[in-house]
Structure formats: structure tokens, C-alpha cells
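Shown next, in C-alpha cells, is the structure this report addresses.
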Amino acid sequence: MTLERLDFESGVVGRSLGRLRLPEADRASLPGLLAQARAAGFAHLVAHVDASDARGAQTLAEHGFRQVDDAIVVRRGSAEMVPGARPRGLRAARPQDLQPLLQRCGTVFRHSRFYRDDFFSEAQAEAIYRQWIVNCFGGRASLLRVASDDRGVCGFVAARLEAAHAVAWIELLAVASDAAGQGLGRRLLSAALCELHGRVDAVRVKTQADNAAALALYGRVGFEPVARQRGFALRLDSWK
Ligand SMILES: CC(C)(COP(=O)(O)OP(=O)(O)OC[C@H]1O[C@@H](n2cnc3c(N)ncnc32)[C@H](O)[C@@H]1OP(=O)(O)O)[C@@H](O)C(=O)NCCC(=O)NCCS
């Protein structure tokens, strides 16, 4: 069993947040690890288990963890990636797109464990996504495309290449609420697939089971579910 500090989230929230990895054989050592995490000053822990792992979920619940996430990983193989014509009207992101995108898309990621977990205020959940977008513009994403409407940039897709595994992850994909439902999400995703064709074996993305729009979109573009994970959280700041 391991405990790691989540540097990105900790930095945004200004407290020490951690992730537990919980292999089946190691579960008896959970109380000891929790005591260690508390002594080390962790304020919050998260742990994910496979959705089929009822015992893992039960162990976490017995130790005070609450479910905050029901995540689905979807995948699309590159063999079926037909490059085709690039969707029109999209372009590579420029530095000056960042602020308008933060304004129009900074608060759309509501289907997320950060909004569901009462440890995080709404402002903190928003700050995590805003900083994530900033980091994508700062080099985290190897592919960044934007869509525009008559008010300017209104959507983007950011993907990160995991070269060692020949996989690309869609890190973030968003369309402003007032521009949604017009096909922009689909065009952004298709543009990313065109761009990634031949560079990776597969493209993956993690989304939430209750994110109907995202699941519909990924399904339409040929992604298939390959994993489902339940995420559990424990506040250590309120432990007596
Ligand atoms: C998910 C998201 C990017 C979709 O963008 P969009 O521009 O509204 O989507 P599109 O108009 O291209 O629709 C794509 C497909 O999804 C379907 N869809 C879109 N919104 C839907 C909804 N609310 N419920 C069900 N299906 C929906 C559409 O019917 C469409 O299928 P079609 O092409 O066969 O008609 C957008 O809703 C969003 O930004 N959500 C918040 C951020 C987010 O959750 N991102 C995903 C993180 S993994």
C-alpha cells in the first residue's frame, strides 16, 4: 500500500492532499497507513478501486471513506482512427486564448469529484480546473486546439502524450455552456483524433458515469469503456 502527495491539488488548495493505492493483499495495513498520513499532516486522502472490487470499497467505507467519484475510462484504438479531413473552424491555441477560455470554460467541469466532495469549496474546485487549464497552456498538453464562435474562443481540447505507452490522454475538453449542443465538442474531439493519428496506439479519457453529454460524445466518436473506478475520500482534518 502506498501513500503519495498530490502536488498539483495540494498546491492549489494550500493543504496537503494525498492518494492511497490499495492493493488487495495489503489492506490489513490500512489503519497504520491512515495514522501515518495523519501524523504527516495530510488533510485529505483519496483512493480509487475498480468498480468490481466490492471488498475494497467496503474496507474503505469501514475506515470512514465516502464515495465521491464514479469514473469511467473510455478508449479508442488508433487502428480505427481515420485521419480524414480536419474539422473546419478550429485552430491551434495561442497564449492570448487562455484568459477568454478561463472566462467562458473555467466553470463548466461540474461532473467531478472536486465538486462532489465537501472537503473542497466550490471556489477551490473551480480553482483546480482553472489551474489545470493554465498548466495545459503552460506545456502540460502536447496538443491544444480551440473552437470559436462570434464572441471569440468558446471551447478547447487538450491532450497529453504518454510516449512510453504510445497512448494519448484527453486531459480536458470543454465547450462554453452558451455554445454547447452545436457540434463543437465533437469537432474538437475529432480534430484531436486526426492530429494524434499515427502518433499513438490509442487515445484514452477519463470521465464521470453521470456526465451524460461527455459519454454521449465519446460514444459517438467511437470510444468504448475499458475501466470503471469508484473513488473514495477521507477528510483527516475533521478526525477526532
Ligand atoms: C461534453 C461537452 C464537451 C460536449 O460538447 P458539445 O459541443 O455540447 O457537444 P456536441 O454538440 O458536439 O455533441 C456531441 C454529441 O454528444 C451528444 N450530447 C451533447 N450533449 C448532450 C447531453 N447533454 N446529453 C446527451 N447527449 C449529449 C450530442 O447529441 C451529440 O451527438 P450527435 O453528434 O449524434 O448529435 C460539453 O458538454 C462540456 O463542455 N461539458 C463540460 C465539460 C466536460 O464535462 N467535459 C468532458 C470532460 S471528460
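Ordering of the C-alpha cells sets the chain letters (A, B, ...), residue numbers begin anew at 1 in every chain, and ligands are numbered from 1 in the order given.
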
Output the neighbourhood of ligand 1 as a count of residues only, that is, all protein and nucleic acid residues with some atom at most 8 Å from the ligand, counting only C-alpha atoms and all ligand atoms.
37

Could you give me, as a ChimeraX atom specification, each residue of range 89-160 of chain A that DSSP assigns to strand (DSSP E or B) when run on this structure's backbone?
/A:90-92,143-149,152-160

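Counting only C-alpha atoms and comparing A:Thr2, A:Ser29, A:Gln67, A:Ser190, the residue that lies closest to Phe156 in chain A is A:Ser190.
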
Would you list, as number ranges by chain, the residues of range 178-238 of chain A that end up in helix (DSSP H, G or I) under DSSP run on this structure's backbone?
A: 178-179, 184-196, 212-220

For N, CA and C atoms, I'd like the residues from the last selection saved as an mmCIF file, in the first residue's frame.
data_model
loop_
_atom_site.group_PDB
_atom_site.id
_atom_site.type_symbol
_atom_site.label_atom_id
_atom_site.label_comp_id
_atom_site.auth_asym_id
_atom_site.auth_seq_id
_atom_site.Cartn_x
_atom_site.Cartn_y
_atom_site.Cartn_z
ATOM 1 N N ASP A 178 -22.951 28.401 -23.303
ATOM 2 C CA ASP A 178 -23.782 29.080 -24.300
ATOM 3 C C ASP A 178 -23.402 28.722 -25.735
ATOM 4 N N ALA A 179 -22.431 27.815 -25.889
ATOM 5 C CA ALA A 179 -22.072 27.356 -27.243
ATOM 6 C C ALA A 179 -22.241 25.838 -27.368
ATOM 7 N N LEU A 184 -19.678 21.454 -31.489
ATOM 8 C CA LEU A 184 -18.284 21.881 -31.303
ATOM 9 C C LEU A 184 -17.457 20.852 -30.534
ATOM 10 N N GLY A 185 -18.079 20.226 -29.533
ATOM 11 C CA GLY A 185 -17.354 19.206 -28.771
ATOM 12 C C GLY A 185 -16.914 18.078 -29.685
ATOM 13 N N ARG A 186 -17.819 17.659 -30.533
ATOM 14 C CA ARG A 186 -17.498 16.571 -31.472
ATOM 15 C C ARG A 186 -16.380 16.985 -32.426
ATOM 16 N N ARG A 187 -16.441 18.232 -32.904
ATOM 17 C CA ARG A 187 -15.394 18.688 -33.837
ATOM 18 C C ARG A 187 -14.044 18.807 -33.146
ATOM 19 N N LEU A 188 -14.067 19.280 -31.913
ATOM 20 C CA LEU A 188 -12.790 19.390 -31.175
ATOM 21 C C LEU A 188 -12.183 18.002 -30.963
ATOM 22 N N LEU A 189 -13.019 17.053 -30.575
ATOM 23 C CA LEU A 189 -12.516 15.710 -30.326
ATOM 24 C C LEU A 189 -12.021 15.078 -31.630
ATOM 25 N N SER A 190 -12.764 15.267 -32.705
ATOM 26 C CA SER A 190 -12.337 14.716 -33.998
ATOM 27 C C SER A 190 -11.020 15.336 -34.438
ATOM 28 N N ALA A 191 -10.863 16.630 -34.191
ATOM 29 C CA ALA A 191 -9.602 17.296 -34.562
ATOM 30 C C ALA A 191 -8.437 16.687 -33.787
ATOM 31 N N ALA A 192 -8.673 16.413 -32.511
ATOM 32 C CA ALA A 192 -7.603 15.811 -31.704
ATOM 33 C C ALA A 192 -7.262 14.421 -32.250
ATOM 34 N N LEU A 193 -8.283 13.663 -32.614
ATOM 35 C CA LEU A 193 -8.025 12.309 -33.140
ATOM 36 C C LEU A 193 -7.250 12.369 -34.448
ATOM 37 N N CYS A 194 -7.617 13.316 -35.302
ATOM 38 C CA CYS A 194 -6.887 13.474 -36.579
ATOM 39 C C CYS A 194 -5.415 13.754 -36.304
ATOM 40 N N GLU A 195 -5.209 14.657 -35.369
ATOM 41 C CA GLU A 195 -3.847 15.086 -35.033
ATOM 42 C C GLU A 195 -3.023 13.947 -34.435
ATOM 43 N N LEU A 196 -3.693 13.083 -33.700
ATOM 44 C CA LEU A 196 -2.977 12.017 -32.987
ATOM 45 C C LEU A 196 -2.810 10.756 -33.833
ATOM 46 N N ALA A 212 -23.517 12.712 -18.820
ATOM 47 C CA ALA A 212 -24.233 12.180 -19.984
ATOM 48 C C ALA A 212 -23.711 12.790 -21.283
ATOM 49 N N ALA A 213 -23.443 14.090 -21.270
ATOM 50 C CA ALA A 213 -23.001 14.750 -22.507
ATOM 51 C C ALA A 213 -21.660 14.190 -22.963
ATOM 52 N N ALA A 214 -20.718 14.063 -22.018
ATOM 53 C CA ALA A 214 -19.384 13.565 -22.388
ATOM 54 C C ALA A 214 -19.471 12.109 -22.854
ATOM 55 N N LEU A 215 -20.236 11.292 -22.146
ATOM 56 C CA LEU A 215 -20.330 9.879 -22.536
ATOM 57 C C LEU A 215 -20.983 9.735 -23.909
ATOM 58 N N ALA A 216 -22.003 10.553 -24.161
ATOM 59 C CA ALA A 216 -22.660 10.503 -25.478
ATOM 60 C C ALA A 216 -21.663 10.889 -26.564
ATOM 61 N N LEU A 217 -20.917 11.945 -26.288
ATOM 62 C CA LEU A 217 -19.942 12.419 -27.271
ATOM 63 C C LEU A 217 -18.868 11.352 -27.545
ATOM 64 N N TYR A 218 -18.277 10.806 -26.495
ATOM 65 C CA TYR A 218 -17.219 9.816 -26.707
ATOM 66 C C TYR A 218 -17.774 8.586 -27.436
ATOM 67 N N GLY A 219 -18.975 8.184 -27.068
ATOM 68 C CA GLY A 219 -19.596 7.035 -27.741
ATOM 69 C C GLY A 219 -19.778 7.307 -29.226
ATOM 70 N N ARG A 220 -20.237 8.507 -29.546
ATOM 71 C CA ARG A 220 -20.468 8.881 -30.947
ATOM 72 C C ARG A 220 -19.184 8.839 -31.765
#

Listing only residues of range 108-151 of chain A within 10 Å of range 39-54 of chain A, what is the closest atom pair and its distance in Å (to one decimal) for each, using only C-alpha atoms, sorted by chain and residue number ascending, as CSV?
residue,atom,partner,partner_atom,distance
A:Arg113,CA,A:Val46,CA,10.0
A:Phe119,CA,A:His44,CA,7.7
A:Phe120,CA,A:His44,CA,9.9

Non-local contacts of range 127-144 of chain A (9 Å; only C-alpha atoms; under 3 positions in same chain excluded) as a CSV table (one decimal) with N, CA and C atoms, in the first residue's frame:
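Result file is selection_27.csv:
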chain,number,residue,atom,x,y,z
A,8,PHE,N,-0.2,18.7,-7.3
A,8,PHE,CA,-1.0,19.7,-8.1
A,8,PHE,C,-2.1,20.2,-7.2
A,9,GLU,N,-3.0,19.3,-6.8
A,9,GLU,CA,-4.2,19.7,-6.0
A,9,GLU,C,-3.7,20.3,-4.7
A,12,VAL,N,-2.8,24.0,-5.2
A,12,VAL,CA,-4.0,24.9,-5.5
A,12,VAL,C,-4.7,25.1,-4.2
A,13,VAL,N,-4.9,24.1,-3.4
A,13,VAL,CA,-5.8,24.2,-2.2
A,13,VAL,C,-5.0,24.8,-1.0
A,91,ARG,N,-8.5,25.8,-34.6
A,91,ARG,CA,-7.1,26.1,-34.8
A,91,ARG,C,-6.3,25.8,-33.5
A,92,ALA,N,-5.0,25.8,-33.7
A,92,ALA,CA,-4.1,25.6,-32.5
A,92,ALA,C,-4.3,26.7,-31.6
A,93,ALA,N,-4.2,26.5,-30.3
A,93,ALA,CA,-4.4,27.5,-29.3
A,93,ALA,C,-3.2,28.5,-29.3
A,94,ARG,N,-3.5,29.7,-29.0
A,94,ARG,CA,-2.4,30.8,-28.8
A,94,ARG,C,-2.5,31.2,-27.4
A,95,PRO,N,-1.3,31.8,-26.9
A,95,PRO,CA,-1.3,32.2,-25.5
A,95,PRO,C,-2.5,33.2,-25.2
A,98,LEU,N,-5.9,32.0,-23.6
A,98,LEU,CA,-6.0,31.5,-22.2
A,98,LEU,C,-7.1,32.2,-21.4
A,101,LEU,N,-10.7,31.8,-22.5
A,101,LEU,CA,-11.2,30.4,-22.3
A,101,LEU,C,-11.4,30.2,-20.8
A,102,LEU,N,-10.6,30.8,-19.9
A,102,LEU,CA,-10.8,30.6,-18.5
A,102,LEU,C,-12.2,31.3,-18.1
A,105,CYS,N,-15.0,28.9,-20.1
A,105,CYS,CA,-15.0,27.5,-19.8
A,105,CYS,C,-14.5,27.1,-18.5
A,106,GLY,N,-14.1,28.1,-17.7
A,106,GLY,CA,-13.4,27.8,-16.4
A,106,GLY,C,-14.3,27.1,-15.4
A,107,THR,N,-15.7,27.2,-15.6
A,107,THR,CA,-16.6,26.7,-14.5
A,107,THR,C,-17.5,25.6,-15.1
A,109,PHE,N,-16.7,22.3,-15.6
A,109,PHE,CA,-16.4,21.0,-15.3
A,109,PHE,C,-17.1,20.5,-14.0
A,114,PHE,N,-14.2,16.8,-7.4
A,114,PHE,CA,-13.9,18.0,-6.6
A,114,PHE,C,-15.2,18.8,-6.2
A,122,GLU,N,-16.6,25.3,-3.5
A,122,GLU,CA,-16.9,25.4,-4.9
A,122,GLU,C,-15.7,26.3,-5.6
A,123,ALA,N,-15.3,27.3,-4.8
A,123,ALA,CA,-14.2,28.1,-5.4
A,123,ALA,C,-12.9,27.3,-5.5
A,124,GLN,N,-12.7,26.4,-4.6
A,124,GLN,CA,-11.5,25.6,-4.8
A,124,GLN,C,-11.6,24.6,-6.0
A,156,PHE,N,-12.3,24.1,-26.1
A,156,PHE,CA,-10.9,23.7,-26.3
A,156,PHE,C,-10.8,22.2,-26.0
A,157,VAL,N,-9.8,21.6,-26.6
A,157,VAL,CA,-9.4,20.2,-26.2
A,157,VAL,C,-7.9,20.2,-26.0
A,158,ALA,N,-7.5,19.5,-24.9
A,158,ALA,CA,-6.1,19.4,-24.5
A,158,ALA,C,-5.8,18.0,-24.4
A,159,ALA,N,-4.7,17.5,-25.0
A,159,ALA,CA,-4.3,16.1,-24.9
A,159,ALA,C,-2.8,16.0,-24.5
A,160,ARG,N,-2.5,15.0,-23.8
A,160,ARG,CA,-1.2,14.8,-23.3
A,160,ARG,C,-0.7,13.4,-23.8
A,161,LEU,N,0.5,13.4,-24.4
A,161,LEU,CA,1.1,12.1,-24.9
A,161,LEU,C,1.8,11.4,-23.8
A,170,ILE,N,-6.8,12.5,-23.3
A,170,ILE,CA,-7.5,13.7,-23.4
A,170,ILE,C,-7.6,14.3,-22.0
A,171,GLU,N,-6.9,15.3,-21.7
A,171,GLU,CA,-6.8,15.9,-20.4
A,171,GLU,C,-8.1,16.7,-20.1
A,172,LEU,N,-8.4,17.6,-21.0
A,172,LEU,CA,-9.6,18.4,-20.8
A,172,LEU,C,-10.3,18.6,-22.1
A,192,ALA,N,-8.7,16.4,-32.5
A,192,ALA,CA,-7.6,15.8,-31.7
A,192,ALA,C,-7.3,14.4,-32.2
A,195,GLU,N,-5.2,14.7,-35.4
A,195,GLU,CA,-3.8,15.1,-35.0
A,195,GLU,C,-3.0,13.9,-34.4
A,196,LEU,N,-3.7,13.1,-33.7
A,196,LEU,CA,-3.0,12.0,-33.0
A,196,LEU,C,-2.8,10.8,-33.8

Which of A:Arg145, A:Leu234, A:Val167, A:Leu3 sits closest to Pro23 in chain A [using only C-alpha atoms]:
A:Leu3

Excluding His165 in chain A and its own-chain neighbours fewer than 6 positions away, which residues fall within 10 Å of it when counting only C-alpha atoms? Please give them as a PDB file with C-alpha atoms, in the first residue's frame.
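result-v2.pdb written:
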ATOM      1  CA  VAL A 200      -0.136   6.767 -30.666  1.00  0.00           C
ATOM      2  CA  ASP A 201      -1.799   3.360 -30.499  1.00  0.00           C
ATOM      3  CA  ALA A 202      -4.793   4.605 -28.561  1.00  0.00           C
TER       4      ALA A 202
END

Long-range neighbours of Pro100 in chain A as a PDB file with C-alpha atoms, in the first residue's frame, 8 Å cut-off, only C-alpha atoms, 2 positions minimum in chain:
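And here's result17.pdb as it stands now:
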ATOM      1  CA  GLN A  96      -3.897  35.021 -25.809  1.00  0.00           C
ATOM      2  CA  ASP A  97      -6.703  32.394 -25.845  1.00  0.00           C
ATOM      3  CA  LEU A  98      -6.047  31.482 -22.234  1.00  0.00           C
ATOM      4  CA  LEU A 102     -10.800  30.639 -18.493  1.00  0.00           C
ATOM      5  CA  GLN A 103     -13.720  33.040 -18.509  1.00  0.00           C
ATOM      6  CA  ARG A 104     -16.031  31.015 -20.701  1.00  0.00           C
ATOM      7  CA  GLY A 152     -14.389  34.554 -29.574  1.00  0.00           C
ATOM      8  CA  VAL A 153     -12.896  31.311 -28.317  1.00  0.00           C
ATOM      9  CA  CYS A 154     -15.563  29.148 -26.728  1.00  0.00           C
TER      10      CYS A 154
END

So how far away is CA of Ser78 in chain A from CA of Gly222 in chain A, in Å?
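Value for the CA of Gly222 in chain A-CA of Ser78 in chain A distance: 10.7 Å.
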
Pairwise distance for CA of Tyr115 in chain A and CA of Val74 in chain A, rounded to one decimal in Å:
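Between these atoms lies a distance of 21.6 Å.
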
Could you check which of A:Asp149, A:Asp117, A:Glu126, A:Glu80 is closest to Phe223 in chain A, using only C-alpha atoms?
A:Glu80
